[in-house]
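Asker: See final34.cif below, with mmCIF, C-alpha atoms.
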```cif
data_start
loop_
_atom_site.label_atom_id
_atom_site.label_comp_id
_atom_site.auth_asym_id
_atom_site.auth_seq_id
_atom_site.Cartn_x
_atom_site.Cartn_y
_atom_site.Cartn_z
CA MET I 834 0.00 0.00 0.00
CA ASN I 835 1.47 3.38 -0.94
CA THR I 836 2.00 6.12 1.64
CA LYS I 837 -0.95 8.24 0.50
CA MET I 838 -3.34 5.30 0.69
CA GLN I 839 -1.98 4.39 4.13
CA ALA I 840 -2.56 7.97 5.33
CA VAL I 841 -6.20 7.76 4.21
CA VAL I 842 -6.64 4.41 5.98
CA ASP I 843 -5.06 5.85 9.13
CA ASP I 844 -7.26 8.96 8.93
CA GLU I 845 -10.36 6.79 8.65
CA GLN I 846 -9.24 4.55 11.53
CA PHE I 847 -8.51 7.44 13.90
CA LEU I 848 -11.64 9.32 12.86
CA GLU I 849 -13.68 6.20 13.59
CA GLU I 850 -12.11 6.15 17.08
CA ALA I 851 -13.23 9.77 17.65
CA ILE I 852 -16.75 8.89 16.49
CA ARG I 853 -16.79 5.81 18.77
CA LEU I 854 -15.81 8.03 21.71
CA ALA I 855 -18.63 10.43 20.86
CA VAL I 856 -21.23 7.65 20.79
CA GLU I 857 -19.83 6.17 24.00
CA ASN I 858 -20.06 9.60 25.59
CA VAL I 859 -23.77 9.74 24.79
CA HIS I 860 -24.40 6.26 26.19
CA THR I 861 -22.54 6.95 29.45
CA GLY I 862 -24.24 10.31 29.90
CA THR I 863 -20.97 12.17 30.53
CA GLY I 864 -21.60 14.90 27.99
CA GLY I 865 -22.55 15.78 24.44
CA PRO I 866 -22.07 13.68 21.31
CA PHE I 867 -18.46 14.65 20.64
CA GLY I 868 -15.17 12.78 20.72
CA ALA I 869 -11.57 13.60 19.79
CA VAL I 870 -8.27 11.79 19.37
CA ILE I 871 -4.77 13.30 19.03
CA VAL I 872 -2.22 11.32 17.05
CA ARG I 873 1.49 11.76 16.34
CA GLU I 874 3.43 9.50 13.98
CA GLY I 875 0.64 6.93 13.93
CA ALA I 876 0.32 6.65 17.71
CA VAL I 877 -2.61 7.89 19.79
CA LEU I 878 -1.36 10.43 22.34
CA ALA I 879 -4.68 11.38 23.89
CA ARG I 880 -8.42 10.92 23.71
CA GLY I 881 -11.17 13.24 24.81
CA GLY I 882 -14.90 13.11 25.22
CA ASN I 883 -17.21 16.04 25.78
CA ARG I 884 -17.69 16.49 29.55
CA VAL I 885 -19.53 19.82 29.62
CA THR I 886 -22.48 18.59 31.65
CA ALA I 887 -20.62 16.06 33.81
CA ALA I 888 -17.88 18.53 34.77
CA HIS I 889 -20.17 21.57 34.89
CA ASP I 890 -17.59 23.19 32.61
CA PRO I 891 -18.59 24.88 29.35
CA THR I 892 -14.98 24.58 28.13
CA ALA I 893 -14.81 20.78 28.58
CA HIS I 894 -15.29 20.03 24.89
CA ALA I 895 -13.82 16.81 23.50
CA GLU I 896 -11.10 18.62 21.55
CA VAL I 897 -10.05 20.70 24.57
CA GLN I 898 -10.05 17.59 26.78
CA ALA I 899 -7.78 15.79 24.29
CA ILE I 900 -5.48 18.82 23.90
CA ARG I 901 -5.15 19.16 27.68
CA ALA I 902 -4.36 15.45 28.09
CA ALA I 903 -1.80 15.40 25.26
CA CYS I 904 -0.04 18.52 26.53
CA ARG I 905 0.00 17.22 30.10
CA ASP I 906 1.37 13.82 29.05
CA LEU I 907 4.03 15.35 26.77
CA GLY I 908 4.94 18.11 29.21
CA THR I 909 4.47 20.85 26.64
CA PHE I 910 1.91 23.37 25.45
CA GLN I 911 2.66 22.81 21.77
CA LEU I 912 1.45 19.87 19.72
CA ASP I 913 3.49 20.35 16.54
CA GLY I 914 3.51 17.25 14.40
CA CYS I 915 0.12 16.11 15.72
CA THR I 916 -3.23 15.55 14.09
CA LEU I 917 -6.54 16.03 15.88
CA TYR I 918 -9.37 13.72 14.81
CA ALA I 919 -12.79 15.02 15.82
CA SER I 920 -16.22 13.50 15.49
CA CYS I 921 -17.50 16.93 14.44
CA GLU I 922 -16.09 20.15 12.99
CA PRO I 923 -14.58 22.07 15.91
CA CYS I 924 -16.52 24.96 17.43
CA PRO I 925 -15.01 28.48 17.65
CA MET I 926 -13.48 27.83 21.08
CA CYS I 927 -11.89 24.56 19.99
CA PHE I 928 -10.78 26.18 16.73
CA GLY I 929 -8.86 28.73 18.81
CA ALA I 930 -7.40 26.03 21.06
CA ILE I 931 -6.22 24.09 18.00
CA TYR I 932 -4.32 27.12 16.77
CA TRP I 933 -2.89 27.92 20.22
CA ALA I 934 -1.71 24.30 20.57
CA ARG I 935 -0.19 24.45 17.07
CA LEU I 936 -1.66 21.17 15.88
CA ASP I 937 -0.60 20.46 12.28
CA ARG I 938 -3.85 18.96 11.01
CA VAL I 939 -7.50 18.49 11.89
CA VAL I 940 -9.64 15.73 10.40
CA PHE I 941 -13.34 15.82 11.28
CA ALA I 942 -16.46 13.85 10.44
CA ALA I 943 -19.75 15.76 10.85
CA ARG I 944 -19.93 19.38 9.71
CA SER I 945 -21.01 22.27 11.91
CA GLU I 946 -24.24 22.44 9.89
CA ASP I 947 -24.96 18.83 10.87
CA ALA I 948 -24.40 19.66 14.55
CA ALA I 949 -26.70 22.68 14.26
CA ARG I 950 -29.58 20.43 13.14
CA TYR I 951 -29.24 18.59 16.47
CA GLY I 952 -29.15 21.69 18.66
CA PHE I 953 -25.41 22.46 18.61
CA ASP I 954 -25.35 25.68 16.58
CA ASP I 955 -22.25 27.84 16.91
CA SER I 956 -22.92 30.17 13.98
CA HIS I 957 -24.02 32.98 16.31
CA ILE I 958 -20.57 32.99 17.93
CA TYR I 959 -18.82 33.46 14.59
CA GLN I 960 -21.21 36.34 13.87
CA GLU I 961 -20.59 37.91 17.27
CA VAL I 962 -16.81 37.87 16.86
CA ARG I 963 -17.14 39.99 13.73
CA GLN I 964 -19.30 42.57 15.47
CA PRO I 965 -17.87 45.82 16.86
CA VAL I 966 -17.56 45.66 20.65
CA ASP I 967 -20.55 47.94 21.17
CA LYS I 968 -22.81 45.82 18.95
CA ARG I 969 -22.31 42.43 20.62
CA LEU I 970 -25.12 40.64 22.45
CA ARG I 971 -22.97 40.28 25.57
CA THR I 972 -21.71 43.49 27.12
CA PHE I 973 -18.05 44.17 26.41
CA HIS I 974 -16.72 47.44 27.76
CA HIS I 975 -13.22 48.75 27.19
CA LEU I 976 -12.14 50.83 30.17
CA GLU I 977 -8.97 52.87 29.74
CA HIS I 978 -6.70 52.35 32.73
CA SER I 979 -3.24 53.74 33.43
CA LEU I 980 -1.97 50.26 34.36
CA SER I 981 -3.48 48.38 31.41
CA LEU I 982 -0.12 47.68 29.78
CA SER I 983 1.75 46.80 33.00
CA PRO I 984 1.30 43.01 32.61
CA PHE I 985 2.80 43.20 29.11
CA LEU I 986 5.63 45.43 30.28
CA ALA I 987 6.40 42.95 33.07
CA TRP I 988 6.33 40.14 30.52
CA GLU I 989 8.68 42.03 28.23
CA GLN I 990 11.14 42.54 31.10
CA GLN I 991 10.97 38.94 32.32
CA GLY I 992 14.33 37.42 31.42
CA ASP I 993 13.40 33.75 31.86
CA ARG I 994 9.98 33.81 30.22
CA VAL I 995 8.81 31.04 27.93
CA ASP I 996 7.46 32.61 24.75
CA TYR I 997 4.42 31.05 23.15
#
```
Would you mind writing the file out in structure tokens?

Answerer:
Amino acid sequence: MNTKMQAVVDDEQFLEEAIRLAVENVHTGTGGPFGAVIVREGAVLARGGNRVTAAHDPTAHAEVQAIRAACRDLGTFQLDGCTLYASCEPCPMCFGAIYWARLDRVVFAARSEDAARYGFDDSHIYQEVRQPVDKRLRTFHHLEHSLSLSPFLAWEQQGDRVDY
């Protein structure tokens, strides 16, 4: 089997694992119908299932759970060289986490439009992000403060900081 065909077989195998986790998550009642797997060089580094309701944590999405586990196990905050397999197209929060973690690839099964048909619609968040601060549904208020840049100035002066 050539390398390209093997990559497709691997993608399907790992994506099936993410989907299995999502279904299992539903059956165990630990959260929503979402699962994720992080893989590097053909080996599974971490798995995650949605735990929003079980953990009472709106950030406990499957992708975030898997990213946290992989980073913890590897002792790093960067997942270069890794692929995230997700049962569904990542939401805006997970999208951001994927970029912050520097994952190389994302392979997903269901589309966000599919999720929306089952009550998981994130389109309003994408629309909100594009709105000016004063037009958002949630109140965002920028308050000028003389110390607002002090955390960044401290960061800039920190000699042993770890850039990310």

Asker: Distance atom CA of Arg901 of chain I-atom CA of Glu857 of chain I, one decimal place?

Answerer: 19.9 Å

Asker: Which one is closest to Glu896 of chain I: I:Val877, I:Ile931, I:Ala948, I:Val872? Count all atoms listed in the file.

Answerer: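 The closest residue to Glu896 of chain I is I:Ile931.
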
Asker: Could you tell me how far atom CA of Pro925 of chain I sits from atom CA of Pro866 of chain I, in Å to one decimal place?

Answerer: 16.8 Å

Asker: Using only C-alpha atoms, which residue out of I:Leu980, I:Met926, I:Thr909, I:Asp947 lies closest to Val995 of chain I?

Answerer: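 Nearest candidate to Val995 of chain I out of I:Leu980, I:Met926, I:Thr909, I:Asp947: I:Thr909.
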
Asker: Just the number, please: distance in Å from atom CA of Ala851 of chain I to atom CA of Val962 of chain I, one decimal.

Answerer: 28.3 Å

Asker: Rank nothing, just name the residue among I:Leu976, I:Ile958, I:Arg873, I:Thr863 nearest to Leu936 of chain I, using only C-alpha atoms.

Answerer: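 Once distances to Leu936 of chain I are computed over only C-alpha atoms, the minimum belongs to I:Arg873.
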
Asker: Counting all atoms listed in the file, which of I:Ala869, I:Glu961, I:Val856, I:Gly992 gets nearest to Phe973 of chain I?

Answerer: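 The answer is I:Glu961, which sits nearest to Phe973 of chain I.
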
Asker: Please provide as a ChimeraX atom specification all residues within 12 Å of His894 of chain I, with the sequence filter that same-chain residues fewer than 5 positions apart are discarded (counting all atoms listed in the file).

Answerer: /I:855,858,863-869,880-889,899-901,919-928,930

Asker: Generate the output file for the selected residues, C-alpha atoms, as a PDB file, in the coordinates of the input.

Answerer:
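Below you can see result_16.pdb, which holds the result:
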```pdb
ATOM      1  CA  ALA I 855     -18.630  10.430  20.860  1.00  0.00           C
ATOM      2  CA  ASN I 858     -20.060   9.600  25.590  1.00  0.00           C
ATOM      3  CA  THR I 863     -20.970  12.170  30.530  1.00  0.00           C
ATOM      4  CA  GLY I 864     -21.600  14.900  27.990  1.00  0.00           C
ATOM      5  CA  GLY I 865     -22.550  15.780  24.440  1.00  0.00           C
ATOM      6  CA  PRO I 866     -22.070  13.680  21.310  1.00  0.00           C
ATOM      7  CA  PHE I 867     -18.460  14.650  20.640  1.00  0.00           C
ATOM      8  CA  GLY I 868     -15.170  12.780  20.720  1.00  0.00           C
ATOM      9  CA  ALA I 869     -11.570  13.600  19.790  1.00  0.00           C
ATOM     10  CA  ARG I 880      -8.420  10.920  23.710  1.00  0.00           C
ATOM     11  CA  GLY I 881     -11.170  13.240  24.810  1.00  0.00           C
ATOM     12  CA  GLY I 882     -14.900  13.110  25.220  1.00  0.00           C
ATOM     13  CA  ASN I 883     -17.210  16.040  25.780  1.00  0.00           C
ATOM     14  CA  ARG I 884     -17.690  16.490  29.550  1.00  0.00           C
ATOM     15  CA  VAL I 885     -19.530  19.820  29.620  1.00  0.00           C
ATOM     16  CA  THR I 886     -22.480  18.590  31.650  1.00  0.00           C
ATOM     17  CA  ALA I 887     -20.620  16.060  33.810  1.00  0.00           C
ATOM     18  CA  ALA I 888     -17.880  18.530  34.770  1.00  0.00           C
ATOM     19  CA  HIS I 889     -20.170  21.570  34.890  1.00  0.00           C
ATOM     20  CA  ALA I 899      -7.780  15.790  24.290  1.00  0.00           C
ATOM     21  CA  ILE I 900      -5.480  18.820  23.900  1.00  0.00           C
ATOM     22  CA  ARG I 901      -5.150  19.160  27.680  1.00  0.00           C
ATOM     23  CA  ALA I 919     -12.790  15.020  15.820  1.00  0.00           C
ATOM     24  CA  SER I 920     -16.220  13.500  15.490  1.00  0.00           C
ATOM     25  CA  CYS I 921     -17.500  16.930  14.440  1.00  0.00           C
ATOM     26  CA  GLU I 922     -16.090  20.150  12.990  1.00  0.00           C
ATOM     27  CA  PRO I 923     -14.580  22.070  15.910  1.00  0.00           C
ATOM     28  CA  CYS I 924     -16.520  24.960  17.430  1.00  0.00           C
ATOM     29  CA  PRO I 925     -15.010  28.480  17.650  1.00  0.00           C
ATOM     30  CA  MET I 926     -13.480  27.830  21.080  1.00  0.00           C
ATOM     31  CA  CYS I 927     -11.890  24.560  19.990  1.00  0.00           C
ATOM     32  CA  PHE I 928     -10.780  26.180  16.730  1.00  0.00           C
ATOM     33  CA  ALA I 930      -7.400  26.030  21.060  1.00  0.00           C
TER      34      ALA I 930
END
```

Asker: Determine, counting all atoms listed in the file, every residue of protein, DNA or RNA that lies within 8 Å of (-9.7, 18.5, 13.0) in the file coordinates, then give the result as JSON, numbers by chain.

Answerer: {"I": [916, 917, 918, 919, 922, 923, 938, 939, 940, 941]}

Asker: Kindly export the residues of the current selection with C-alpha atoms, as a PDB file, keeping the file's coordinate frame.

Answerer:
```
ATOM      1  CA  THR I 916      -3.230  15.550  14.090  1.00  0.00           C
ATOM      2  CA  LEU I 917      -6.540  16.030  15.880  1.00  0.00           C
ATOM      3  CA  TYR I 918      -9.370  13.720  14.810  1.00  0.00           C
ATOM      4  CA  ALA I 919     -12.790  15.020  15.820  1.00  0.00           C
ATOM      5  CA  GLU I 922     -16.090  20.150  12.990  1.00  0.00           C
ATOM      6  CA  PRO I 923     -14.580  22.070  15.910  1.00  0.00           C
ATOM      7  CA  ARG I 938      -3.850  18.960  11.010  1.00  0.00           C
ATOM      8  CA  VAL I 939      -7.500  18.490  11.890  1.00  0.00           C
ATOM      9  CA  VAL I 940      -9.640  15.730  10.400  1.00  0.00           C
ATOM     10  CA  PHE I 941     -13.340  15.820  11.280  1.00  0.00           C
TER      11      PHE I 941
END
```
